[in-house]
file model_27.txt (compact mmCIF, C-alpha atoms)
# COMPACT_ATOMS: atom_id res chain seq x y z
CA MET A 1 57.70 9.80 -35.63
CA ARG A 2 56.42 6.44 -36.87
CA ARG A 3 57.79 4.79 -33.72
CA ILE A 4 56.04 7.39 -31.49
CA ALA A 5 52.78 6.96 -33.41
CA GLY A 6 53.03 3.22 -33.02
CA ILE A 7 53.54 3.51 -29.27
CA VAL A 8 50.54 5.87 -28.92
CA LEU A 9 48.36 3.53 -30.97
CA ALA A 10 49.43 0.57 -28.86
CA VAL A 11 48.55 2.46 -25.64
CA LEU A 12 45.14 3.41 -27.03
CA LEU A 13 44.44 -0.17 -28.05
CA ILE A 14 45.45 -1.47 -24.64
CA GLY A 15 43.28 1.21 -22.98
CA GLY A 16 40.36 0.19 -25.17
CA VAL A 17 40.75 -3.45 -24.19
CA VAL A 18 40.88 -2.53 -20.49
CA ALA A 19 37.74 -0.36 -20.85
CA ALA A 20 35.95 -3.19 -22.63
CA VAL A 21 36.89 -5.65 -19.87
CA VAL A 22 35.67 -3.25 -17.14
CA ALA A 23 32.40 -2.62 -19.00
CA GLY A 24 31.95 -6.32 -19.48
CA ARG A 25 32.60 -6.94 -15.79
CA ASP A 26 30.07 -4.24 -14.86
CA ASN A 27 27.49 -5.86 -17.13
CA GLU A 28 28.13 -9.24 -15.52
CA GLU A 29 27.66 -7.74 -12.04
CA THR A 30 24.62 -5.60 -12.68
CA GLY A 31 22.98 -7.50 -15.51
CA ALA A 32 22.52 -6.25 -19.05
CA ALA A 33 19.27 -4.32 -18.92
CA THR A 34 17.93 -4.29 -22.46
CA LYS A 35 14.36 -3.00 -21.99
CA THR A 36 13.30 0.23 -20.31
CA VAL A 37 9.88 -0.02 -18.71
CA ARG A 38 8.01 3.22 -17.99
CA MET A 39 5.23 2.93 -15.44
CA VAL A 40 3.04 4.80 -13.00
CA ILE A 41 2.68 3.24 -9.55
CA GLY A 42 0.99 3.82 -6.20
CA SER A 43 3.30 5.69 -3.82
CA GLU A 44 3.47 2.78 -1.35
CA LYS A 45 5.53 0.83 -3.93
CA ALA A 46 8.05 3.63 -4.59
CA GLN A 47 10.61 2.35 -2.08
CA PHE A 48 10.33 -1.16 -3.50
CA PHE A 49 11.21 -0.09 -7.03
CA ALA A 50 13.92 2.29 -5.77
CA ASP A 51 15.61 -0.48 -3.76
CA PRO A 52 19.07 -1.13 -5.30
CA GLU A 53 18.51 -4.87 -4.85
CA VAL A 54 15.27 -4.68 -6.83
CA VAL A 55 16.99 -2.61 -9.51
CA LYS A 56 19.73 -5.23 -9.71
CA ALA A 57 17.26 -8.15 -9.84
CA LEU A 58 15.30 -6.49 -12.65
CA ALA A 59 18.49 -5.66 -14.55
CA ALA A 60 19.55 -9.30 -14.30
CA GLN A 61 16.32 -10.17 -16.12
CA GLY A 62 16.89 -7.48 -18.75
CA TYR A 63 14.78 -4.58 -17.45
CA THR A 64 15.34 -1.01 -16.35
CA VAL A 65 12.34 0.59 -14.63
CA ARG A 66 11.32 4.25 -14.73
CA ALA A 67 8.57 4.68 -12.14
CA GLU A 68 6.37 7.70 -11.37
CA THR A 69 3.90 7.82 -8.48
CA SER A 70 0.20 8.69 -8.42
CA GLY A 71 -2.87 8.06 -6.32
CA SER A 72 -4.45 4.84 -7.55
CA TRP A 73 -7.82 6.39 -8.37
CA ALA A 74 -6.17 9.43 -9.91
CA MET A 75 -4.43 7.28 -12.54
CA GLU A 76 -7.54 7.25 -14.71
CA GLU A 77 -7.15 11.00 -15.22
CA LEU A 78 -3.56 10.66 -16.46
CA ASP A 79 -2.47 10.47 -20.06
CA LEU A 80 -0.70 7.10 -20.13
CA GLU A 81 0.42 7.32 -23.74
CA GLY A 82 4.00 6.04 -23.85
CA TYR A 83 3.75 4.09 -20.58
CA ASP A 84 4.23 0.32 -20.45
CA LEU A 85 2.07 -0.32 -17.42
CA ALA A 86 0.05 1.18 -14.60
CA PHE A 87 0.32 -0.38 -11.16
CA PRO A 88 -2.48 0.81 -8.83
CA SER A 89 -2.91 -0.60 -5.34
CA SER A 90 -6.09 -2.60 -5.83
CA GLN A 91 -8.17 -4.35 -8.42
CA ALA A 92 -11.02 -1.83 -8.74
CA PRO A 93 -8.98 1.07 -10.22
CA ALA A 94 -6.99 -1.49 -12.22
CA ASP A 95 -10.21 -2.81 -13.79
CA GLU A 96 -11.22 0.74 -14.73
CA LEU A 97 -7.86 1.35 -16.39
CA ALA A 98 -8.05 -1.98 -18.19
CA ASP A 99 -11.47 -1.07 -19.59
CA LYS A 100 -10.28 2.39 -20.62
CA TYR A 101 -7.25 1.08 -22.53
CA GLY A 102 -8.76 -2.16 -23.80
CA VAL A 103 -6.36 -4.36 -21.85
CA ARG A 104 -7.12 -8.06 -21.97
CA GLY A 105 -7.10 -10.20 -18.84
CA PRO A 106 -5.95 -11.73 -16.68
CA LEU A 107 -4.22 -8.84 -14.94
CA PRO A 108 -1.09 -9.84 -12.98
CA ARG A 109 -1.43 -9.43 -9.20
CA PRO A 110 2.06 -9.98 -7.78
CA PHE A 111 1.35 -9.20 -4.13
CA TYR A 112 -1.21 -7.81 -1.70
CA SER A 113 -1.53 -6.11 1.67
CA PRO A 114 -4.38 -5.75 4.17
CA LEU A 115 -5.22 -2.38 5.69
CA VAL A 116 -4.29 -1.77 9.32
CA VAL A 117 -4.60 1.08 11.82
CA VAL A 118 -1.46 2.27 13.60
CA ALA A 119 -1.59 3.81 17.05
CA HIS A 120 0.70 4.63 19.94
CA ARG A 121 0.60 2.35 22.97
CA SER A 122 -1.20 4.86 25.17
CA THR A 123 -3.89 5.40 22.51
CA ALA A 124 -4.43 1.67 22.02
CA ALA A 125 -4.75 1.17 25.78
CA VAL A 126 -7.50 3.81 26.01
CA LEU A 127 -9.40 2.19 23.11
CA ALA A 128 -9.09 -1.23 24.72
CA ALA A 129 -10.37 0.06 28.06
CA ASN A 130 -13.47 1.37 26.26
CA GLY A 131 -14.27 -1.78 24.27
CA LEU A 132 -13.20 -0.47 20.87
CA VAL A 133 -10.10 -2.63 20.60
CA THR A 134 -9.01 -6.07 21.73
CA LEU A 135 -5.28 -6.26 22.43
CA ASP A 136 -4.44 -9.90 21.73
CA ARG A 137 -0.73 -9.36 21.05
CA SER A 138 1.79 -7.40 23.10
CA ARG A 139 2.12 -4.78 20.35
CA GLY A 140 -1.05 -5.36 18.38
CA GLY A 141 -4.68 -6.31 18.36
CA THR A 142 -8.04 -6.08 16.65
CA LEU A 143 -10.17 -3.00 16.01
CA ARG A 144 -13.88 -3.74 16.49
CA THR A 145 -15.36 -2.08 13.43
CA ASP A 146 -18.95 -2.14 14.67
CA ALA A 147 -17.99 -0.49 17.99
CA TYR A 148 -15.94 2.13 16.15
CA LEU A 149 -18.84 2.95 13.82
CA ASP A 150 -21.18 3.28 16.80
CA ALA A 151 -18.77 5.81 18.29
CA ALA A 152 -18.68 7.70 14.99
CA ARG A 153 -22.50 7.80 14.78
CA ALA A 154 -22.61 9.27 18.29
CA ASP A 155 -19.85 11.82 17.53
CA ARG A 156 -17.89 10.54 20.52
CA THR A 157 -14.86 12.52 21.56
CA TRP A 158 -11.65 11.29 23.12
CA GLN A 159 -12.57 13.18 26.28
CA GLN A 160 -15.62 10.93 26.68
CA LEU A 161 -13.44 7.81 26.85
CA LYS A 162 -12.27 6.72 30.28
CA GLY A 163 -8.53 7.00 30.70
CA ALA A 164 -8.11 9.58 27.94
CA GLU A 165 -7.80 12.43 30.45
CA LYS A 166 -4.26 11.21 31.23
CA HIS A 167 -3.14 11.90 27.67
CA THR A 168 -3.30 15.52 26.55
CA GLU A 169 -2.77 14.59 22.90
CA LEU A 170 -6.12 12.74 22.84
CA THR A 171 -8.62 15.55 22.27
CA GLY A 172 -11.47 16.27 19.89
CA THR A 173 -13.59 13.85 17.93
CA LEU A 174 -12.49 10.24 17.76
CA TYR A 175 -11.68 9.21 14.19
CA ILE A 176 -9.27 7.24 12.02
CA ALA A 177 -7.23 9.42 9.67
CA THR A 178 -7.31 8.14 6.08
CA THR A 179 -6.30 9.31 2.63
CA ASP A 180 -8.66 11.05 0.22
CA PRO A 181 -11.06 8.33 -1.07
CA GLU A 182 -11.58 10.14 -4.37
CA THR A 183 -7.94 9.81 -5.40
CA SER A 184 -6.26 7.28 -3.09
CA ASN A 185 -6.77 3.54 -2.88
CA SER A 186 -6.48 3.14 0.90
CA GLY A 187 -9.12 5.81 1.50
CA ALA A 188 -11.48 4.17 -0.99
CA LEU A 189 -10.98 0.70 0.53
CA TYR A 190 -11.70 2.16 3.97
CA LEU A 191 -15.12 3.21 2.67
CA ALA A 192 -15.63 -0.22 1.11
CA ALA A 193 -15.04 -1.97 4.45
CA THR A 194 -16.95 0.44 6.69
CA SER A 195 -19.89 0.67 4.30
CA TYR A 196 -20.15 -3.13 4.27
CA VAL A 197 -20.55 -3.20 8.07
CA ALA A 198 -22.86 -0.16 8.04
CA ASN A 199 -25.03 -1.85 5.41
CA GLY A 200 -25.74 -4.88 7.58
CA ASP A 201 -22.76 -6.93 6.31
CA ARG A 202 -23.86 -6.52 2.71
CA VAL A 203 -21.87 -4.94 -0.08
CA VAL A 204 -23.26 -1.58 -1.19
CA SER A 205 -24.69 -2.13 -4.66
CA SER A 206 -27.74 0.10 -5.17
CA ASP A 207 -28.90 3.68 -4.80
CA ALA A 208 -30.83 2.65 -1.69
CA ASP A 209 -27.64 1.24 -0.16
CA LEU A 210 -25.77 4.43 -1.01
CA ASP A 211 -28.49 6.56 0.57
CA ARG A 212 -28.49 4.37 3.68
CA THR A 213 -24.75 4.48 4.29
CA ALA A 214 -23.89 8.00 3.06
CA PRO A 215 -24.60 9.90 6.32
CA LEU A 216 -22.22 7.74 8.34
CA LEU A 217 -19.52 7.76 5.66
CA ARG A 218 -19.72 11.56 5.54
CA LYS A 219 -19.06 11.65 9.27
CA LEU A 220 -16.06 9.35 8.90
CA VAL A 221 -14.51 11.51 6.19
CA GLN A 222 -15.54 15.10 6.85
CA VAL A 223 -14.39 15.10 10.48
CA GLN A 224 -10.84 14.68 9.16
CA GLY A 225 -10.71 17.97 7.30
CA ALA A 226 -7.89 18.04 4.74
CA GLN A 227 -6.73 14.52 3.89
CA LYS A 228 -3.42 13.26 2.59
CA SER A 229 -3.27 12.12 -1.01
CA SER A 230 -1.06 9.12 -0.24
CA SER A 231 -0.71 6.62 2.60
CA ASP A 232 3.06 7.03 2.38
CA ALA A 233 2.84 10.66 3.53
CA ALA A 234 0.36 9.81 6.31
CA PHE A 235 2.57 7.01 7.61
CA ARG A 236 5.69 9.19 7.58
CA ASP A 237 3.84 11.82 9.63
CA PHE A 238 2.77 9.20 12.16
CA THR A 239 6.22 7.71 12.61
CA SER A 240 7.77 11.17 12.95
CA GLY A 241 5.38 11.97 15.81
CA VAL A 242 3.28 14.66 14.10
CA GLY A 243 0.47 12.46 12.80
CA GLU A 244 -3.03 11.77 14.13
CA PRO A 245 -3.61 9.31 17.02
CA LEU A 246 -5.11 6.71 14.65
CA VAL A 247 -3.94 6.37 11.04
CA LEU A 248 -5.02 3.89 8.37
CA VAL A 249 -2.06 2.49 6.42
CA TYR A 250 -1.04 -0.67 4.60
CA GLU A 251 0.37 -3.60 6.56
CA SER A 252 3.25 -3.62 4.06
CA GLN A 253 4.39 -0.21 5.31
CA VAL A 254 4.42 -1.44 8.89
CA ALA A 255 6.14 -4.73 8.06
CA ALA A 256 8.86 -2.91 6.11
CA LEU A 257 9.41 -0.52 9.03
CA LEU A 258 9.71 -3.45 11.46
CA THR A 259 12.28 -5.09 9.21
CA GLU A 260 14.33 -1.89 9.15
CA GLY A 261 14.05 -1.43 12.94
CA GLY A 262 14.76 1.92 14.58
CA ASP A 263 13.29 4.14 17.27
CA ALA A 264 10.02 4.69 15.38
CA VAL A 265 8.98 1.13 16.22
CA SER A 266 9.26 1.32 20.02
CA ASP A 267 5.86 2.95 20.69
CA LEU A 268 3.95 1.36 17.81
CA VAL A 269 0.78 -0.73 18.09
CA VAL A 270 -0.76 -2.36 15.01
CA LEU A 271 -4.54 -2.83 14.94
CA TYR A 272 -6.22 -5.02 12.33
CA PRO A 273 -9.87 -4.04 11.69
CA ASP A 274 -12.00 -7.16 12.15
CA THR A 275 -13.61 -6.26 8.81
CA THR A 276 -11.23 -4.98 6.17
CA ALA A 277 -10.61 -4.72 2.45
CA THR A 278 -7.37 -6.12 1.11
CA SER A 279 -5.24 -4.12 -1.30
CA ASP A 280 -4.46 -6.37 -4.29
CA HIS A 281 -1.63 -4.61 -6.13
CA THR A 282 -2.68 -5.16 -9.73
CA VAL A 283 -0.67 -4.56 -12.90
CA VAL A 284 -2.41 -3.09 -15.94
CA PRO A 285 -0.13 -3.90 -18.89
CA LEU A 286 -0.29 -1.26 -21.62
CA THR A 287 2.38 -2.94 -23.78
CA ASP A 288 3.77 -6.45 -24.19
CA THR A 289 6.84 -5.37 -22.23
CA GLY A 290 4.61 -4.18 -19.42
CA ARG A 291 2.86 -7.55 -19.26
CA GLU A 292 6.21 -9.34 -19.23
CA LEU A 293 7.35 -7.29 -16.25
CA GLY A 294 4.06 -7.80 -14.39
CA GLU A 295 4.34 -11.57 -14.80
CA LEU A 296 8.01 -11.48 -13.78
CA LEU A 297 7.11 -9.73 -10.50
CA SER A 298 4.75 -12.61 -9.76
CA ALA A 299 7.04 -15.47 -10.76
CA ASP A 300 10.66 -14.52 -10.08
CA PRO A 301 11.83 -15.97 -6.72
CA ARG A 302 14.27 -13.12 -6.03
CA LEU A 303 11.70 -10.41 -6.73
CA ARG A 304 9.15 -12.21 -4.54
CA GLN A 305 11.73 -12.35 -1.76
CA LEU A 306 12.38 -8.64 -2.08
CA ALA A 307 8.64 -7.88 -2.12
CA VAL A 308 8.35 -9.67 1.23
CA ARG A 309 11.28 -7.65 2.55
CA HIS A 310 9.27 -4.56 1.70
CA GLY A 311 6.31 -5.92 3.66
CA PHE A 312 4.11 -7.25 0.84
CA ARG A 313 2.42 -10.65 0.87
CA PRO A 314 3.14 -12.52 -2.39
CA GLN A 315 0.08 -14.03 -4.03
CA GLY A 316 -0.31 -17.75 -3.40
CA ALA A 317 2.54 -18.15 -0.92
CA SER A 318 1.65 -17.11 2.62
CA ALA A 319 4.55 -19.16 3.99
CA GLU A 320 7.05 -16.70 2.46
CA PHE A 321 5.57 -13.82 4.42
CA THR A 322 5.20 -15.90 7.60
CA ARG A 323 8.85 -16.96 7.59
CA ALA A 324 10.12 -13.46 6.84
CA THR A 325 8.11 -11.79 9.65
CA GLU A 326 8.56 -14.44 12.33
CA ALA A 327 10.45 -11.99 14.54
CA HIS A 328 7.57 -9.50 14.50
CA THR A 329 4.56 -11.56 15.58
CA ALA A 330 4.06 -9.25 18.57
CA TYR A 331 2.92 -6.65 16.04
CA LEU A 332 1.67 -8.58 13.00
CA ASN A 333 -1.31 -10.89 12.57
CA GLN A 334 0.53 -13.17 10.16
CA ARG A 335 -2.39 -15.43 9.31
CA LEU A 336 -5.03 -12.68 9.57
CA THR A 337 -6.83 -14.64 12.28
CA GLY A 338 -10.21 -13.08 13.12
CA VAL A 339 -10.09 -10.73 10.14
CA ARG A 340 -12.76 -11.02 7.46
CA GLN A 341 -12.56 -9.64 3.97
CA ALA A 342 -15.37 -7.28 2.93
CA PRO A 343 -16.41 -7.47 -0.73
CA VAL A 344 -15.47 -4.29 -2.59
CA PRO A 345 -18.27 -2.49 -4.48
CA THR A 346 -18.00 -1.92 -8.20
CA SER A 347 -15.78 0.95 -9.31
CA GLU A 348 -18.80 3.09 -10.17
CA VAL A 349 -20.44 2.57 -6.77
CA LEU A 350 -17.17 3.17 -4.98
CA ARG A 351 -16.69 6.45 -6.82
CA GLN A 352 -20.20 7.61 -5.93
CA MET A 353 -19.58 6.61 -2.34
CA ALA A 354 -16.38 8.67 -2.21
CA VAL A 355 -18.04 11.73 -3.75
CA ARG A 356 -20.90 11.58 -1.25
CA ALA A 357 -18.53 11.04 1.67
CA ARG A 358 -16.44 14.04 0.71
CA GLY A 359 -19.69 16.05 0.45
call {"tool": "encode", "arguments": {"input": "model_27.txt", "output": "structure tokens"}}
result
Amino acid sequence: MRRIAGIVLAVLLIGGVVAAVVAGRDNEETGAATKTVRMVIGSEKAQFFADPEVVKALAAQGYTVRAETSGSWAMEELDLEGYDLAFPSSQAPADELADKYGVRGPLPRPFYSPLVVVAHRSTAAVLAANGLVTLDRSRGGTLRTDAYLDAARADRTWQQLKGAEKHTELTGTLYIATTDPETSNSGALYLAATSYVANGDRVVSSDADLDRTAPLLRKLVQVQGAQKSSSDAAFRDFTSGVGEPLVLVYESQVAALLTEGGDAVSDLVVLYPDTTATSDHTVVPLTDTGRELGELLSADPRLRQLAVRHGFRPQGASAEFTRATEAHTAYLNQRLTGVRQAPVPTSEVLRQMAVRARG
């Protein structure tokens, strides 16, 4: 019996050593994640944080991420007790969250993305023939914001545009489909850019400015009816063929799609508004661990590389994005030539603007 017990014990010890070696090997391969970071993010970053390569790169630095999605402007209504950071899609909602939770600056801004309008080739051709768009690339061009706003003021329909009669899908009022500006960052930035042009190339900053621009902004928003709460959902609809003719999305979503390839790209045209508002993805650290992760996203070469692969432009390094998207210059305006950045109103003004636009 003692001999049998000794053999069993020896087998168990050997098994334990083997298990320890395998566990150690797994830790070497995946990295020993020692800190769990809980955060709420804009939906457009969900695929980035779900990417196995991103998970691996974070684990190698000692982090495991638990991410939940929310509209950027809706984050202020959430109870963020127990979270390590919030990661909205631009600086304005981030500043509001920082004020609410007493977060000291500076706030990390790892990457950014301009807003673009996606269209099908036939739609872009009709717009170009009517002076609303300049097609300066084989699969892309520039949306003339002033001409588009003039069309919106006049309630122009697709049927009034020459060439549209050949395309049965182009009916009804001409408009760009956006997300809800009261809850979503891209919808709010759309109002920031269009209101700037409507206000004589001046940022809206007073009650008089709000009164002056509100009627046009109402037209831009109310013609859409029900709006999506996230740009991710709107972009998926467009690429699946059930979306609107013109949809406002982030360049990062388009760049990521181009990198992946596939049939959804074949009919795509990317239009950069000549006046836009850039989405600065801004981290609001709620704990020291959250700040560490936000700074890591900005500084770590591997994470920056992966951010570019997901279509984002890393802060302070345009060459990284340019090199990574060299094969897609027919679609993308890599250096944002001819695109000007509209100043974004204060958070309070932007909220009032969204409320008025929604009516």
call {"tool": "closest_residue", "arguments": {"input": "model_27.txt", "among": "A:Thr171, A:Gln91, A:Ala74, A:Tyr112", "to": "Ser298 of chain A", "atoms": "all atoms listed in the file"}}
result
A:Tyr112
call {"tool": "residues_around", "arguments": {"input": "model_27.txt", "residues": "Pro343 of chain A", "least_positions_apart": "5", "cutoff": "8 Å", "atoms": "only C-alpha atoms", "output": "ChimeraX atom specification"}}
result
/A:192-193,196,203,277
call {"tool": "atom_distance", "arguments": {"input": "model_27.txt", "atom1": "atom CA of Thr275 of chain A", "atom2": "atom CA of Val197 of chain A"}}
result
7.6 Å
call {"tool": "closest_residue", "arguments": {"input": "model_27.txt", "among": "A:Ser138, A:Thr239, A:Thr278, A:Gln315", "to": "Ala330 of chain A", "atoms": "only C-alpha atoms"}}
result
A:Ser138
call {"tool": "atom_distance", "arguments": {"input": "model_27.txt", "atom1": "atom CA of Pro285 of chain A", "atom2": "atom CA of Phe111 of chain A"}}
result
15.8 Å
call {"tool": "residues_around", "arguments": {"input": "model_27.txt", "residues": "His328 of chain A", "least_positions_apart": "6", "cutoff": "9 Å", "atoms": "only C-alpha atoms", "output": "ChimeraX atom specification"}}
result
/A:255,258-259
call {"tool": "residues_around", "arguments": {"input": "model_27.txt", "residues": "Thr322 of chain A", "least_positions_apart": "5", "cutoff": "9 Å", "atoms": "all atoms listed in the file", "output": "JSON, numbers by chain"}}
result
{"A": [313, 334, 335]}
call {"tool": "residues_around", "arguments": {"input": "model_27.txt", "residues": "Leu58 of chain A", "least_positions_apart": "5", "cutoff": "12 Å", "atoms": "only C-alpha atoms", "output": "JSON list (two decimals) with C-alpha atoms, in the frame of the given file"}}
result
[["chain", "number", "residue", "atom", "x", "y", "z"],
["A", 30, "THR", "CA", 24.62, -5.60, -12.68],
["A", 31, "GLY", "CA", 22.98, -7.50, -15.51],
["A", 32, "ALA", "CA", 22.52, -6.25, -19.05],
["A", 33, "ALA", "CA", 19.27, -4.32, -18.92],
["A", 34, "THR", "CA", 17.93, -4.29, -22.46],
["A", 35, "LYS", "CA", 14.36, -3.00, -21.99],
["A", 36, "THR", "CA", 13.30, 0.23, -20.31],
["A", 37, "VAL", "CA", 9.88, -0.02, -18.71],
["A", 48, "PHE", "CA", 10.33, -1.16, -3.50],
["A", 49, "PHE", "CA", 11.21, -0.09, -7.03],
["A", 50, "ALA", "CA", 13.92, 2.29, -5.77],
["A", 51, "ASP", "CA", 15.61, -0.48, -3.76],
["A", 52, "PRO", "CA", 19.07, -1.13, -5.30],
["A", 53, "GLU", "CA", 18.51, -4.87, -4.85],
["A", 63, "TYR", "CA", 14.78, -4.58, -17.45],
["A", 64, "THR", "CA", 15.34, -1.01, -16.35],
["A", 65, "VAL", "CA", 12.34, 0.59, -14.63],
["A", 66, "ARG", "CA", 11.32, 4.25, -14.73],
["A", 292, "GLU", "CA", 6.21, -9.34, -19.23],
["A", 293, "LEU", "CA", 7.35, -7.29, -16.25],
["A", 294, "GLY", "CA", 4.06, -7.80, -14.39],
["A", 296, "LEU", "CA", 8.01, -11.48, -13.78],
["A", 297, "LEU", "CA", 7.11, -9.73, -10.50],
["A", 300, "ASP", "CA", 10.66, -14.52, -10.08],
["A", 301, "PRO", "CA", 11.83, -15.97, -6.72],
["A", 302, "ARG", "CA", 14.27, -13.12, -6.03],
["A", 303, "LEU", "CA", 11.70, -10.41, -6.73],
["A", 304, "ARG", "CA", 9.15, -12.21, -4.54],
["A", 306, "LEU", "CA", 12.38, -8.64, -2.08]]
call {"tool": "closest_residue", "arguments": {"input": "model_27.txt", "among": "A:Leu332, A:Glu68, A:Ile176, A:Val133", "to": "Ala256 of chain A", "atoms": "only C-alpha atoms"}}
result
A:Leu332
call {"tool": "atom_distance", "arguments": {"input": "model_27.txt", "atom1": "atom CA of Ala164 of chain A", "atom2": "atom CA of Val265 of chain A"}}
result
22.4 Å
call {"tool": "residues_around", "arguments": {"input": "model_27.txt", "residues": "Leu149 of chain A", "least_positions_apart": "2", "cutoff": "12 Å", "atoms": "only C-alpha atoms", "output": "PyMOL selection string"}}
result
chain A and resi 132+143-147+151-156+174-176+191+193-199+213+215-220+273+275
call {"tool": "write_last_selection", "arguments": {"input": "model_27.txt", "atoms": "C-alpha atoms", "output": "PDB file, in the frame of the given file"}}
result
ATOM      1  CA  LEU A 132     -13.200  -0.470  20.870  1.00  0.00           C
ATOM      2  CA  LEU A 143     -10.170  -3.000  16.010  1.00  0.00           C
ATOM      3  CA  ARG A 144     -13.880  -3.740  16.490  1.00  0.00           C
ATOM      4  CA  THR A 145     -15.360  -2.080  13.430  1.00  0.00           C
ATOM      5  CA  ASP A 146     -18.950  -2.140  14.670  1.00  0.00           C
ATOM      6  CA  ALA A 147     -17.990  -0.490  17.990  1.00  0.00           C
ATOM      7  CA  ALA A 151     -18.770   5.810  18.290  1.00  0.00           C
ATOM      8  CA  ALA A 152     -18.680   7.700  14.990  1.00  0.00           C
ATOM      9  CA  ARG A 153     -22.500   7.800  14.780  1.00  0.00           C
ATOM     10  CA  ALA A 154     -22.610   9.270  18.290  1.00  0.00           C
ATOM     11  CA  ASP A 155     -19.850  11.820  17.530  1.00  0.00           C
ATOM     12  CA  ARG A 156     -17.890  10.540  20.520  1.00  0.00           C
ATOM     13  CA  LEU A 174     -12.490  10.240  17.760  1.00  0.00           C
ATOM     14  CA  TYR A 175     -11.680   9.210  14.190  1.00  0.00           C
ATOM     15  CA  ILE A 176      -9.270   7.240  12.020  1.00  0.00           C
ATOM     16  CA  LEU A 191     -15.120   3.210   2.670  1.00  0.00           C
ATOM     17  CA  ALA A 193     -15.040  -1.970   4.450  1.00  0.00           C
ATOM     18  CA  THR A 194     -16.950   0.440   6.690  1.00  0.00           C
ATOM     19  CA  SER A 195     -19.890   0.670   4.300  1.00  0.00           C
ATOM     20  CA  TYR A 196     -20.150  -3.130   4.270  1.00  0.00           C
ATOM     21  CA  VAL A 197     -20.550  -3.200   8.070  1.00  0.00           C
ATOM     22  CA  ALA A 198     -22.860  -0.160   8.040  1.00  0.00           C
ATOM     23  CA  ASN A 199     -25.030  -1.850   5.410  1.00  0.00           C
ATOM     24  CA  THR A 213     -24.750   4.480   4.290  1.00  0.00           C
ATOM     25  CA  PRO A 215     -24.600   9.900   6.320  1.00  0.00           C
ATOM     26  CA  LEU A 216     -22.220   7.740   8.340  1.00  0.00           C
ATOM     27  CA  LEU A 217     -19.520   7.760   5.660  1.00  0.00           C
ATOM     28  CA  ARG A 218     -19.720  11.560   5.540  1.00  0.00           C
ATOM     29  CA  LYS A 219     -19.060  11.650   9.270  1.00  0.00           C
ATOM     30  CA  LEU A 220     -16.060   9.350   8.900  1.00  0.00           C
ATOM     31  CA  PRO A 273      -9.870  -4.040  11.690  1.00  0.00           C
ATOM     32  CA  THR A 275     -13.610  -6.260   8.810  1.00  0.00           C
TER      33      THR A 275
END
call {"tool": "closest_residue", "arguments": {"input": "model_27.txt", "among": "A:Asp288, A:Arg309, A:Glu76, A:Lys56", "to": "Asp99 of chain A", "atoms": "all atoms listed in the file"}}
result
A:Glu76
